[in-house]
>>> print(open('target07.cif').read())   # mmCIF, C-alpha atoms
data_target
loop_
_atom_site.label_atom_id
_atom_site.label_comp_id
_atom_site.auth_asym_id
_atom_site.auth_seq_id
_atom_site.Cartn_x
_atom_site.Cartn_y
_atom_site.Cartn_z
CA MET A 1478 -1.25 177.86 -53.09
CA LEU A 1479 2.29 178.82 -54.07
CA LEU A 1480 1.07 181.28 -56.72
CA GLY A 1481 -1.36 182.85 -54.28
CA PHE A 1482 1.27 183.27 -51.58
CA PHE A 1483 3.66 184.68 -54.17
CA THR A 1484 1.37 187.42 -55.46
CA ILE A 1485 0.14 188.38 -51.96
CA THR A 1486 3.69 188.74 -50.63
CA LEU A 1487 4.92 190.43 -53.80
CA ASP A 1488 2.28 193.12 -53.46
CA ALA A 1489 3.27 193.84 -49.87
CA LEU A 1490 6.72 195.01 -50.99
CA ILE A 1491 6.53 195.85 -54.70
CA VAL A 1492 5.31 199.38 -53.95
CA ASN A 1493 8.38 200.39 -51.93
CA VAL A 1494 10.59 201.19 -54.91
CA ALA A 1495 7.68 202.91 -56.68
CA LEU A 1496 6.84 205.29 -53.82
CA PRO A 1497 8.70 208.36 -55.18
CA SER A 1498 7.03 207.84 -58.58
CA ILE A 1499 3.61 207.47 -56.94
CA ARG A 1500 4.18 210.75 -55.07
CA ASN A 1501 5.15 212.47 -58.33
CA GLY A 1502 2.01 211.16 -60.01
CA LEU A 1503 -0.58 211.55 -57.25
CA GLY A 1504 1.03 213.94 -54.75
CA GLY A 1505 1.30 213.53 -50.98
CA GLY A 1506 4.11 213.78 -48.43
CA MET A 1507 5.87 211.19 -46.31
CA SER A 1508 2.69 210.35 -44.37
CA GLY A 1509 0.87 209.72 -47.66
CA LEU A 1510 3.58 207.30 -48.77
CA GLN A 1511 3.41 205.54 -45.41
CA TRP A 1512 -0.35 205.04 -45.85
CA VAL A 1513 0.16 203.53 -49.31
CA VAL A 1514 2.28 200.83 -47.68
CA ASP A 1515 0.42 200.58 -44.39
CA GLY A 1516 -3.07 200.69 -45.88
CA TYR A 1517 -2.38 197.23 -47.28
CA ALA A 1518 -0.48 195.93 -44.24
CA LEU A 1519 -3.05 197.29 -41.76
CA ALA A 1520 -6.07 195.73 -43.45
CA PHE A 1521 -4.08 192.54 -43.94
CA ALA A 1522 -3.24 192.35 -40.23
CA ALA A 1523 -6.65 193.46 -38.94
CA PHE A 1524 -8.66 190.90 -40.92
CA LEU A 1525 -6.25 187.98 -40.60
CA LEU A 1526 -7.67 187.05 -37.20
CA SER A 1527 -11.23 186.53 -38.41
CA ALA A 1528 -9.99 185.25 -41.78
CA GLY A 1529 -8.43 182.27 -40.06
CA SER A 1530 -11.72 181.46 -38.41
CA ILE A 1531 -13.60 181.98 -41.67
CA SER A 1532 -11.21 179.56 -43.36
CA ASP A 1533 -11.97 176.95 -40.71
CA ARG A 1534 -15.73 177.56 -40.91
CA ILE A 1535 -16.51 177.88 -44.63
CA GLY A 1536 -13.71 175.65 -45.89
CA ALA A 1537 -10.13 176.41 -46.87
CA ARG A 1538 -10.63 176.07 -50.64
CA GLN A 1539 -13.67 178.35 -50.67
CA ALA A 1540 -11.99 180.98 -48.49
CA PHE A 1541 -8.85 180.97 -50.62
CA ALA A 1542 -10.83 181.42 -53.85
CA GLU A 1543 -12.91 184.30 -52.50
CA GLY A 1544 -9.92 186.07 -50.96
CA LEU A 1545 -7.75 185.80 -54.06
CA ALA A 1546 -10.59 187.01 -56.31
CA LEU A 1547 -11.12 190.08 -54.11
CA PHE A 1548 -7.38 190.77 -54.02
CA THR A 1549 -7.07 190.57 -57.81
CA ALA A 1550 -10.07 192.85 -58.42
CA ALA A 1551 -8.73 195.44 -55.97
CA SER A 1552 -5.35 195.35 -57.73
CA VAL A 1553 -7.04 196.55 -60.91
CA VAL A 1554 -8.61 199.47 -59.00
CA CYS A 1555 -5.17 200.36 -57.58
CA GLY A 1556 -3.74 200.49 -61.09
CA LEU A 1557 -6.54 202.82 -62.21
CA ALA A 1558 -6.57 205.05 -59.09
CA PRO A 1559 -6.96 208.75 -60.03
CA ALA A 1560 -5.98 210.09 -56.58
CA LEU A 1561 -3.92 209.07 -53.56
CA GLY A 1562 -7.01 208.55 -51.38
CA VAL A 1563 -8.49 206.10 -53.89
CA LEU A 1564 -5.20 204.23 -54.06
CA VAL A 1565 -4.98 203.89 -50.26
CA ALA A 1566 -8.61 202.69 -50.08
CA ALA A 1567 -8.02 200.11 -52.81
CA ARG A 1568 -4.85 198.98 -51.05
CA MET A 1569 -6.96 198.33 -47.94
CA VAL A 1570 -9.36 196.17 -49.97
CA GLN A 1571 -6.34 194.30 -51.31
CA GLY A 1572 -5.32 193.66 -47.73
CA VAL A 1573 -8.73 192.22 -46.86
CA GLY A 1574 -8.54 189.79 -49.80
CA ALA A 1575 -4.98 188.81 -48.93
CA ALA A 1576 -5.99 188.25 -45.30
CA LEU A 1577 -8.70 185.82 -46.36
CA ALA A 1578 -6.45 183.95 -48.80
CA LEU A 1579 -3.24 183.52 -46.78
CA PRO A 1580 -4.36 181.45 -43.74
CA SER A 1581 -6.69 179.39 -45.91
CA SER A 1582 -3.75 178.44 -48.13
CA LEU A 1583 -1.93 176.94 -45.15
CA ALA A 1584 -5.08 175.21 -43.93
CA LEU A 1585 -5.60 173.73 -47.40
CA LEU A 1586 -2.03 172.41 -47.40
CA ARG A 1587 -2.72 170.85 -44.02
CA GLU A 1588 -5.82 169.13 -45.44
CA THR A 1589 -4.07 167.92 -48.58
CA PHE A 1590 -0.96 166.55 -46.87
CA PRO A 1591 -1.86 164.89 -43.55
CA ASP A 1592 1.51 163.10 -43.36
CA PRO A 1593 3.92 165.32 -41.34
CA ALA A 1594 6.98 164.50 -43.49
CA ARG A 1595 5.26 165.29 -46.78
CA ARG A 1596 3.62 168.34 -45.25
CA ALA A 1597 7.00 169.71 -44.14
CA LYS A 1598 8.33 169.44 -47.70
CA THR A 1599 5.19 171.06 -49.09
CA ILE A 1600 5.37 173.95 -46.62
CA ALA A 1601 8.97 174.50 -47.72
CA LEU A 1602 7.82 174.72 -51.36
CA TRP A 1603 4.95 177.00 -50.36
CA GLY A 1604 7.47 179.16 -48.51
CA VAL A 1605 9.50 179.50 -51.71
CA GLY A 1606 6.56 181.37 -53.23
CA GLY A 1607 6.54 183.84 -50.35
CA SER A 1608 10.31 184.17 -50.30
CA ILE A 1609 10.47 184.92 -54.01
CA GLY A 1610 7.55 187.33 -53.73
CA SER A 1611 8.96 189.29 -50.79
CA ALA A 1612 12.49 189.46 -52.15
CA ALA A 1613 11.57 190.06 -55.80
CA GLY A 1614 9.06 192.79 -54.94
CA PRO A 1615 11.58 195.66 -55.02
CA VAL A 1616 13.20 194.29 -58.20
CA ALA A 1617 9.89 193.96 -60.03
CA GLY A 1618 8.78 197.33 -58.67
CA GLY A 1619 11.85 199.07 -60.03
CA LEU A 1620 11.57 197.44 -63.44
CA LEU A 1621 7.85 198.13 -63.90
CA THR A 1622 8.06 201.67 -62.52
CA MET A 1623 10.48 202.61 -65.29
CA ALA A 1624 7.54 202.17 -67.68
CA ASP A 1625 4.63 203.21 -65.40
CA TRP A 1626 4.16 202.73 -61.65
CA ARG A 1627 0.59 201.53 -62.27
CA LEU A 1628 1.95 198.32 -63.78
CA ILE A 1629 3.05 197.13 -60.32
CA PHE A 1630 -0.64 196.51 -59.58
CA PHE A 1631 -1.75 195.21 -62.98
CA VAL A 1632 0.85 192.43 -62.76
CA ASN A 1633 -1.34 190.75 -60.12
CA LEU A 1634 -4.13 190.15 -62.64
CA PRO A 1635 -2.58 187.29 -64.69
CA VAL A 1636 -1.05 185.64 -61.62
CA GLY A 1637 -4.30 185.73 -59.65
CA ALA A 1638 -6.35 184.52 -62.61
CA THR A 1639 -3.98 181.59 -63.19
CA ALA A 1640 -4.15 180.54 -59.54
CA LEU A 1641 -7.95 180.65 -59.57
CA LEU A 1642 -8.09 178.53 -62.72
CA LEU A 1643 -5.79 175.91 -61.17
CA LEU A 1644 -7.88 175.91 -57.99
CA ARG A 1645 -10.91 174.67 -59.93
CA ARG A 1646 -9.32 171.22 -59.99
CA ALA A 1647 -9.33 170.98 -56.18
CA ASP A 1648 -12.19 169.43 -54.21
CA ARG A 1649 -14.29 171.55 -51.89
CA SER A 1650 -13.04 171.68 -48.31
CA PRO A 1651 -15.19 170.63 -45.34
CA ALA A 1652 -17.04 173.48 -43.63
CA ARG A 1653 -17.74 174.03 -39.94
CA PRO A 1654 -20.40 176.79 -39.79
CA ALA A 1655 -20.39 179.08 -36.73
CA PRO A 1656 -21.51 182.65 -35.94
CA PHE A 1657 -19.17 185.49 -36.88
CA ASP A 1658 -17.37 187.33 -34.06
CA TRP A 1659 -18.46 190.88 -34.88
CA ALA A 1660 -17.32 192.38 -31.59
CA GLY A 1661 -13.84 190.91 -31.92
CA GLN A 1662 -13.44 191.88 -35.57
CA ILE A 1663 -14.64 195.47 -35.17
CA THR A 1664 -12.55 196.18 -32.07
CA GLY A 1665 -9.52 194.52 -33.66
CA VAL A 1666 -9.76 196.73 -36.74
CA VAL A 1667 -10.31 199.86 -34.65
CA ALA A 1668 -7.37 199.12 -32.33
CA MET A 1669 -4.88 198.42 -35.13
CA GLY A 1670 -6.10 201.30 -37.27
CA ALA A 1671 -5.93 203.80 -34.41
CA LEU A 1672 -2.45 202.66 -33.40
CA THR A 1673 -1.12 202.95 -36.95
CA PHE A 1674 -2.75 206.38 -37.36
CA ALA A 1675 -1.12 207.55 -34.13
CA ALA A 1676 2.31 206.30 -35.22
CA ILE A 1677 2.16 207.90 -38.68
CA GLU A 1678 0.50 211.19 -37.79
CA GLY A 1679 2.44 211.49 -34.53
CA GLY A 1680 5.70 211.37 -36.44
CA ALA A 1681 4.50 214.11 -38.78
CA ASP A 1682 2.65 216.45 -36.37
CA GLY A 1683 3.85 215.43 -32.89
CA PHE A 1684 2.52 212.94 -30.37
CA THR A 1685 0.90 215.58 -28.17
CA THR A 1686 -1.56 216.83 -30.80
CA ALA A 1687 -5.23 216.19 -30.09
CA PRO A 1688 -5.89 213.70 -32.96
CA VAL A 1689 -2.90 211.56 -31.97
CA VAL A 1690 -3.82 211.57 -28.26
CA VAL A 1691 -7.39 210.57 -29.13
CA ALA A 1692 -6.12 207.82 -31.43
CA LEU A 1693 -3.94 206.39 -28.66
CA ALA A 1694 -6.87 206.45 -26.24
CA VAL A 1695 -9.05 204.69 -28.80
CA THR A 1696 -6.32 202.07 -29.26
CA VAL A 1697 -6.25 201.26 -25.55
CA GLY A 1698 -10.04 201.18 -25.25
CA ALA A 1699 -10.59 199.04 -28.34
CA ALA A 1700 -7.84 196.63 -27.31
CA ALA A 1701 -9.42 196.19 -23.87
CA VAL A 1702 -12.85 195.50 -25.39
CA PHE A 1703 -11.23 193.04 -27.82
CA VAL A 1704 -9.71 191.02 -24.98
CA ILE A 1705 -13.03 190.98 -23.12
CA ALA A 1706 -14.87 189.88 -26.27
CA GLN A 1707 -12.45 187.01 -26.81
CA ALA A 1708 -12.68 185.93 -23.17
CA CYS A 1709 -16.45 186.14 -22.81
CA GLY A 1710 -17.76 185.66 -26.36
CA ARG A 1711 -19.49 182.42 -27.34
CA HIS A 1712 -17.65 182.16 -30.65
CA PRO A 1713 -14.37 184.15 -30.36
CA MET A 1714 -12.29 184.39 -33.51
CA THR A 1715 -9.10 184.01 -31.44
CA PRO A 1716 -9.84 181.74 -28.47
CA LEU A 1717 -7.78 182.66 -25.43
CA SER A 1718 -6.86 178.99 -25.03
CA LEU A 1719 -4.98 179.29 -28.33
CA LEU A 1720 -3.39 182.60 -27.39
CA CYS A 1721 -2.28 181.16 -24.04
CA SER A 1722 -0.31 178.43 -25.80
CA ARG A 1723 3.37 179.12 -25.18
CA VAL A 1724 4.35 178.06 -28.69
CA MET A 1725 1.63 180.29 -30.18
CA SER A 1726 2.47 183.36 -28.11
CA LEU A 1727 6.23 183.12 -28.59
CA SER A 1728 5.85 182.40 -32.30
CA SER A 1729 3.75 185.56 -32.62
CA VAL A 1730 6.40 187.67 -30.86
CA ILE A 1731 9.14 186.25 -33.08
CA GLY A 1732 7.10 186.80 -36.24
CA PHE A 1733 6.38 190.40 -35.19
CA ALA A 1734 10.08 191.20 -34.77
CA LEU A 1735 11.08 189.50 -38.02
CA ASN A 1736 8.72 191.70 -40.04
CA VAL A 1737 9.79 194.82 -38.14
CA ALA A 1738 13.31 194.15 -39.39
CA PHE A 1739 12.60 193.01 -42.94
CA CYS A 1740 9.70 195.29 -43.93
CA GLY A 1741 11.24 198.28 -42.18
CA MET A 1742 14.56 197.76 -43.96
CA ILE A 1743 12.94 197.40 -47.41
CA PHE A 1744 10.86 200.56 -46.92
CA LEU A 1745 13.79 202.68 -45.73
CA ILE A 1746 16.46 201.47 -48.14
CA GLY A 1747 14.13 201.87 -51.14
CA LEU A 1748 13.62 205.53 -50.24
CA TYR A 1749 17.26 206.08 -49.25
CA LEU A 1750 18.73 204.81 -52.50
CA GLN A 1751 16.47 207.07 -54.57
CA GLN A 1752 16.12 210.20 -52.44
CA THR A 1753 19.58 210.38 -50.87
CA ARG A 1754 21.83 208.45 -53.26
CA GLY A 1755 20.03 209.50 -56.46
CA LEU A 1756 19.45 206.04 -57.97
CA SER A 1757 16.70 205.45 -60.52
CA PRO A 1758 13.79 203.06 -59.71
CA LEU A 1759 15.30 200.39 -61.96
CA THR A 1760 18.78 200.68 -60.42
CA THR A 1761 17.23 200.61 -56.97
CA GLY A 1762 15.35 197.45 -57.86
CA ILE A 1763 18.51 195.83 -59.20
CA ALA A 1764 20.24 196.68 -55.93
CA PHE A 1765 17.81 194.31 -54.20
CA LEU A 1766 18.46 191.49 -56.69
CA PRO A 1767 21.27 189.67 -54.77
CA MET A 1768 19.07 189.59 -51.69
CA ALA A 1769 16.17 188.35 -53.80
CA LEU A 1770 18.14 185.44 -55.23
CA THR A 1771 19.55 184.25 -51.92
CA THR A 1772 16.25 184.69 -50.11
CA ALA A 1773 14.43 182.57 -52.68
CA ALA A 1774 16.85 179.69 -52.03
CA MET A 1775 16.37 179.66 -48.26
CA GLY A 1776 13.06 177.75 -48.11
CA PRO A 1777 14.57 174.35 -49.03
CA VAL A 1778 17.62 175.12 -46.88
CA ALA A 1779 15.36 175.77 -43.89
CA ALA A 1780 13.61 172.44 -44.47
CA ARG A 1781 16.92 170.53 -44.60
CA LEU A 1782 18.22 172.23 -41.47
CA ALA A 1783 14.97 171.51 -39.65
CA ASN A 1784 15.01 167.84 -40.62
CA ARG A 1785 18.61 167.41 -39.46
CA PHE A 1786 18.89 169.66 -36.40
CA GLY A 1787 15.31 170.44 -35.42
CA VAL A 1788 12.93 173.16 -36.52
CA ARG A 1789 14.27 175.73 -34.03
CA THR A 1790 17.80 175.74 -35.46
CA PRO A 1791 16.93 177.65 -38.67
CA ILE A 1792 14.84 180.07 -36.59
CA VAL A 1793 17.81 180.98 -34.39
CA LEU A 1794 20.24 181.05 -37.32
CA GLY A 1795 17.92 183.30 -39.30
CA GLN A 1796 17.58 185.74 -36.42
CA VAL A 1797 21.35 185.92 -35.91
CA LEU A 1798 21.87 186.68 -39.62
CA ILE A 1799 19.29 189.47 -39.46
CA VAL A 1800 20.84 191.09 -36.38
CA GLY A 1801 24.33 190.94 -37.91
CA GLY A 1802 23.16 192.47 -41.19
CA LEU A 1803 21.23 195.28 -39.50
CA LEU A 1804 24.09 196.23 -37.17
CA ALA A 1805 26.59 196.24 -40.03
CA MET A 1806 24.28 198.35 -42.20
CA ALA A 1807 23.77 200.85 -39.38
CA ALA A 1808 27.54 201.22 -39.02
CA VAL A 1809 28.16 201.92 -42.71
CA PRO A 1810 29.19 205.57 -43.32
CA ALA A 1811 27.01 207.76 -45.52
CA THR A 1812 29.76 207.90 -48.16
CA ALA A 1813 30.07 204.10 -48.45
CA PRO A 1814 29.56 202.65 -51.94
CA VAL A 1815 26.10 201.34 -52.76
CA TRP A 1816 27.47 197.84 -53.43
CA LEU A 1817 28.32 197.52 -49.73
CA LEU A 1818 24.68 198.10 -48.79
CA VAL A 1819 23.69 195.55 -51.42
CA VAL A 1820 25.96 192.95 -49.80
CA LEU A 1821 24.67 193.69 -46.29
CA MET A 1822 21.05 193.24 -47.33
CA VAL A 1823 21.75 189.59 -48.23
CA PRO A 1824 21.96 188.19 -44.66
CA ILE A 1825 18.84 190.15 -43.65
CA GLY A 1826 16.74 188.66 -46.44
CA SER A 1827 18.23 185.19 -46.11
CA GLY A 1828 17.79 185.15 -42.35
CA GLY A 1829 14.18 186.22 -42.63
CA ALA A 1830 13.36 183.46 -45.12
CA LEU A 1831 15.08 180.84 -42.94
CA ALA A 1832 13.27 181.89 -39.80
CA VAL A 1833 9.77 182.43 -41.23
CA THR A 1834 9.64 179.09 -43.06
CA ALA A 1835 10.76 177.18 -39.98
CA LEU A 1836 8.51 179.22 -37.68
CA THR A 1837 5.46 178.33 -39.76
CA ALA A 1838 6.31 174.64 -39.66
CA LEU A 1839 6.87 174.80 -35.89
CA LEU A 1840 3.45 176.35 -35.32
CA LEU A 1841 1.56 173.87 -37.50
CA GLU A 1842 3.25 171.00 -35.68
CA ASN A 1843 1.92 172.25 -32.35
CA VAL A 1844 -1.72 173.14 -33.05
CA PRO A 1845 -4.69 170.83 -33.70
CA ALA A 1846 -5.68 170.41 -37.34
CA GLU A 1847 -9.05 172.10 -36.76
CA ARG A 1848 -7.25 175.23 -35.48
CA ALA A 1849 -4.71 175.45 -38.30
CA GLY A 1850 -6.41 178.36 -40.04
CA THR A 1851 -6.94 180.33 -36.84
CA ALA A 1852 -3.35 179.75 -35.66
CA SER A 1853 -2.00 180.80 -39.03
CA GLY A 1854 -4.14 183.93 -38.85
CA VAL A 1855 -2.75 184.85 -35.43
CA LEU A 1856 0.86 184.32 -36.53
CA ASN A 1857 0.50 186.33 -39.71
CA THR A 1858 -1.47 189.06 -37.94
CA SER A 1859 1.49 189.59 -35.62
CA ARG A 1860 3.88 189.59 -38.60
CA GLN A 1861 1.85 192.10 -40.62
CA THR A 1862 1.32 194.30 -37.57
CA GLY A 1863 5.09 194.35 -37.08
CA GLY A 1864 5.61 195.37 -40.70
CA ALA A 1865 2.93 198.09 -40.54
CA LEU A 1866 4.27 199.60 -37.33
CA ALA A 1867 7.84 199.48 -38.67
CA VAL A 1868 6.83 201.56 -41.68
CA ALA A 1869 4.87 203.97 -39.46
CA VAL A 1870 7.53 204.42 -36.78
CA PHE A 1871 10.64 204.28 -38.99
CA GLY A 1872 9.04 206.63 -41.49
CA SER A 1873 8.55 209.09 -38.65
CA MET A 1874 12.20 208.72 -37.63
CA VAL A 1875 13.56 209.63 -41.06
CA TYR A 1876 11.08 212.51 -41.19
CA GLU A 1877 12.84 214.19 -38.23
CA PRO A 1878 14.83 217.44 -38.75
CA SER A 1879 18.06 215.58 -37.87
CA GLY A 1880 17.97 214.09 -41.34
CA PHE A 1881 17.20 210.91 -43.26
CA VAL A 1882 20.56 209.19 -42.65
CA HIS A 1883 20.43 209.69 -38.88
CA GLY A 1884 16.86 208.40 -38.75
CA LEU A 1885 17.82 205.45 -40.92
CA ARG A 1886 20.59 204.42 -38.52
CA ILE A 1887 18.35 204.70 -35.45
CA SER A 1888 15.67 202.66 -37.20
CA LEU A 1889 18.09 199.89 -38.16
CA LEU A 1890 19.45 199.70 -34.61
CA THR A 1891 15.90 199.57 -33.24
CA ALA A 1892 15.03 196.69 -35.56
CA ALA A 1893 18.21 194.84 -34.57
CA ALA A 1894 17.35 195.21 -30.88
CA ALA A 1895 13.85 193.82 -31.47
CA VAL A 1896 15.18 190.72 -33.22
CA LEU A 1897 17.88 190.25 -30.59
CA VAL A 1898 15.16 190.04 -27.95
CA THR A 1899 13.39 187.32 -29.92
CA VAL A 1900 16.59 185.25 -30.03
CA ALA A 1901 16.21 184.93 -26.28
CA ALA A 1902 12.52 184.13 -26.79
CA THR A 1903 13.43 181.37 -29.24
CA LEU A 1904 15.87 179.84 -26.77
CA ARG A 1905 13.11 180.04 -24.17
CA LEU A 1906 10.87 178.19 -26.60
CA ARG A 1907 13.45 175.45 -26.87
CA ALA A 1908 13.68 175.16 -23.10
CA LEU A 1909 9.92 174.95 -22.72
CA SER A 1910 9.69 172.32 -25.44
CA ALA A 1911 12.42 170.23 -23.84
CA ARG A 1912 10.71 170.42 -20.44
CA GLU A 1913 7.36 169.45 -21.93
CA ASP A 1914 8.97 166.48 -23.72
CA HIS A 1915 10.57 165.40 -20.43
CA HIS A 1916 7.25 165.56 -18.60
CA GLY A 1917 5.63 163.60 -21.41
CA GLU A 1918 8.25 160.84 -21.15
CA ARG A 1919 7.75 160.65 -17.36
CA ALA A 1920 3.99 160.41 -17.84
#
>>> encode(input="target07.cif", output="structure tokens")
Amino acid sequence: MLLGFFTITLDALIVNVALPSIRNGLGGGMSGLQWVVDGYALAFAAFLLSAGSISDRIGARQAFAEGLALFTAASVVCGLAPALGVLVAARMVQGVGAALALPSSLALLRETFPDPARRAKTIALWGVGGSIGSAAGPVAGGLLTMADWRLIFFVNLPVGATALLLLRRADRSPARPAPFDWAGQITGVVAMGALTFAAIEGGADGFTTAPVVVALAVTVGAAAVFVIAQACGRHPMTPLSLLCSRVMSLSSVIGFALNVAFCGMIFLIGLYLQQTRGLSPLTTGIAFLPMALTTAAMGPVAARLANRFGVRTPIVLGQVLIVGGLLAMAAVPATAPVWLLVVLMVPIGSGGALAVTALTALLLENVPAERAGTASGVLNTSRQTGGALAVAVFGSMVYEPSGFVHGLRISLLTAAAAVLVTVAATLRLRALSAREDHHGERA
């Protein structure tokens, strides 16, 4: 499970440092680069909802194996892509495979470790795989791009194959067959795809152009049909009873904001260091190394903090670190040395790892075991949607005539504001939990 989470998360961010090299090799402007990143994130987010249900219904082990196999095969196609359109399409297939594998990995951990104490330690170890993958992505991307940008996709082949071989030793998971929610899945994909298209193309061509206006209208219509399908369908992939859970809804909002900050920052700084500051891909990757090392160490730290002070403490602490890092980075002058940016990235990465690990544990503690896959899918859908929209919107901001640096600052301040709002949401979560505990004691 750790290897699978590692390679899925690595691939979400490894392309950021390689984007200028991909443009040199395959062509395309800023919108093309945004689609290379968002093609993966969009498919990932759109299929996570039904993937969680599929994991519950066909069995976690089976879903993980099928998803990881699809992801690995699509990685090979990405590495061989002869044109930008082929690369974006293969990235979308990668996202579908990753969507199937990620929630099933958490559900399989839930099956394997029914004891809450052991499960908490295991989730922390599982989180290390994601932390290393997300933080090491830019470093590995810079190193591999120095040889050939295509290697950033071929690296998934040995990791995926190893994970699949190890998985053969695991027993099959129990299955709970049920009809597939076609209406929910189709409208979910259409709504997310149309919204991302509107954000990317609106930034390039203007939000009053006909294609963007139509895309926004499609987003609203598809989203409305999605809600109706989930409320009235016999087998909804995201039951409204789950979405109405206060822990589930607030966790989704927090996860959304965390990925807006982290994924948006990685995307922008990777471009800034190369296009504005003139760094090579390798030097850019090395610039992310301090953040990578500290982020990788935060999983066990989050577990210790949660055991001692409660699971919400590392969530709040992580958010505060992110806000502080983003505000400081936005205030840095354009002539500041690169090492200062390197230092300021550390609290952003560390805070994200603290908060996400604890947030995952909090959610799994508050959902029934039979809904673990679905709940994980909802949480990670919100996170990936946040990352995709951050790339779309922030990419449009730096595309403005006012210049890259001005757009970068506005983007960082926007991300900081989003996370600051979720600090209040987290405190609200604590208040709700305390009130529910009090009512439970009275009962």
>>> resolve_selection(input="target07.cif", expression="the PyMOL selection byres ((chain A and resi 1647-1650) around 6)", output="list in words")
Gly1536, Ala1537, Arg1538, Leu1644, Arg1645, Arg1646 and Pro1651 of chain A
>>> resolve_selection(input="target07.cif", expression="the PyMOL selection byres ((chain A and resi 1828-1833) around 7)", output="CSV table (one decimal) with C-alpha atoms, in the frame of the given file")
chain,number,residue,atom,x,y,z
A,1608,SER,CA,10.3,184.2,-50.3
A,1735,LEU,CA,11.1,189.5,-38.0
A,1739,PHE,CA,12.6,193.0,-42.9
A,1772,THR,CA,16.2,184.7,-50.1
A,1775,MET,CA,16.4,179.7,-48.3
A,1776,GLY,CA,13.1,177.8,-48.1
A,1779,ALA,CA,15.4,175.8,-43.9
A,1791,PRO,CA,16.9,177.6,-38.7
A,1792,ILE,CA,14.8,180.1,-36.6
A,1794,LEU,CA,20.2,181.0,-37.3
A,1795,GLY,CA,17.9,183.3,-39.3
A,1796,GLN,CA,17.6,185.7,-36.4
A,1798,LEU,CA,21.9,186.7,-39.6
A,1799,ILE,CA,19.3,189.5,-39.5
A,1824,PRO,CA,22.0,188.2,-44.7
A,1825,ILE,CA,18.8,190.2,-43.6
A,1826,GLY,CA,16.7,188.7,-46.4
A,1827,SER,CA,18.2,185.2,-46.1
A,1834,THR,CA,9.6,179.1,-43.1
A,1835,ALA,CA,10.8,177.2,-40.0
A,1836,LEU,CA,8.5,179.2,-37.7
A,1837,THR,CA,5.5,178.3,-39.8
>>> closest_residue(input="target07.cif", among="A:Ala1578, A:Leu1745, A:Ala1700, A:Leu1803", to="Phe1521 (chain A)", atoms="only C-alpha atoms")
A:Ala1578
>>> resolve_selection(input="target07.cif", expression="the PyMOL selection byres ((chain A and resi 1714) around 7)", output="JSON, numbers by chain")
{"A": [1526, 1527, 1530, 1658, 1661, 1712, 1713, 1715, 1716]}
>>> closest_residue(input="target07.cif", among="A:Thr1549, A:Asn1857, A:Gln1752, A:Ser1581", to="Arg1534 (chain A)", atoms="all atoms listed in the file")
A:Ser1581
>>> residues_around(input="target07.cif", residues="region 1539-1546 of chain A", least_positions_apart="5", cutoff="7 Å", atoms="all atoms listed in the file", output="PyMOL selection string")
chain A and resi 1532+1574-1575+1577-1578+1581-1582+1637+1641+1649
>>> write_last_selection(input="target07.cif", atoms="C-alpha atoms", output="mmCIF file, in the frame of the given file")
data_model
loop_
_atom_site.group_PDB
_atom_site.id
_atom_site.type_symbol
_atom_site.label_atom_id
_atom_site.label_comp_id
_atom_site.auth_asym_id
_atom_site.auth_seq_id
_atom_site.Cartn_x
_atom_site.Cartn_y
_atom_site.Cartn_z
ATOM 1 C CA SER A 1532 -11.210 179.560 -43.360
ATOM 2 C CA GLY A 1574 -8.540 189.790 -49.800
ATOM 3 C CA ALA A 1575 -4.980 188.810 -48.930
ATOM 4 C CA LEU A 1577 -8.700 185.820 -46.360
ATOM 5 C CA ALA A 1578 -6.450 183.950 -48.800
ATOM 6 C CA SER A 1581 -6.690 179.390 -45.910
ATOM 7 C CA SER A 1582 -3.750 178.440 -48.130
ATOM 8 C CA GLY A 1637 -4.300 185.730 -59.650
ATOM 9 C CA LEU A 1641 -7.950 180.650 -59.570
ATOM 10 C CA ARG A 1649 -14.290 171.550 -51.890
#
>>> closest_residue(input="target07.cif", among="A:Trp1816, A:Phe1733, A:Phe1786, A:Phe1631", to="Thr1899 (chain A)", atoms="only C-alpha atoms")
A:Phe1733
>>> residues_around(input="target07.cif", residues="Leu1817 (chain A)", least_positions_apart="5", cutoff="12 Å", atoms="only C-alpha atoms", output="ChimeraX atom specification")
/A:1764-1765,1767,1802,1805-1812,1822-1823
>>> residues_around(input="target07.cif", residues="Phe1881 (chain A)", least_positions_apart="6", cutoff="12 Å", atoms="all atoms listed in the file", output="ChimeraX atom specification")
/A:1507,1745-1746,1748-1754,1811,1871-1875,1887-1888
>>> write_last_selection(input="target07.cif", atoms="C-alpha atoms", output="compact mmCIF listing (two decimals), in the coordinates of the input")
# COMPACT_ATOMS: atom_id res chain seq x y z
CA MET A 1507 5.87 211.19 -46.31
CA LEU A 1745 13.79 202.68 -45.73
CA ILE A 1746 16.46 201.47 -48.14
CA LEU A 1748 13.62 205.53 -50.24
CA TYR A 1749 17.26 206.08 -49.25
CA LEU A 1750 18.73 204.81 -52.50
CA GLN A 1751 16.47 207.07 -54.57
CA GLN A 1752 16.12 210.20 -52.44
CA THR A 1753 19.58 210.38 -50.87
CA ARG A 1754 21.83 208.45 -53.26
CA ALA A 1811 27.01 207.76 -45.52
CA PHE A 1871 10.64 204.28 -38.99
CA GLY A 1872 9.04 206.63 -41.49
CA SER A 1873 8.55 209.09 -38.65
CA MET A 1874 12.20 208.72 -37.63
CA VAL A 1875 13.56 209.63 -41.06
CA ILE A 1887 18.35 204.70 -35.45
CA SER A 1888 15.67 202.66 -37.20
>>> residues_around(input="target07.cif", residues="region 1670-1678 of chain A", least_positions_apart="2", cutoff="8 Å", atoms="all atoms listed in the file", output="list of chain:residue names")
A:Ser1508, A:Gln1511, A:Asp1515, A:Leu1519, A:Val1666, A:Val1667, A:Ala1668, A:Gly1680, A:Ala1681, A:Asp1682, A:Gly1683, A:Phe1684, A:Pro1688, A:Val1689, A:Val1690, A:Ala1692, A:Leu1693, A:Val1695, A:Thr1696, A:Ala1865, A:Leu1866, A:Ala1869, A:Val1870, A:Gly1872, A:Ser1873
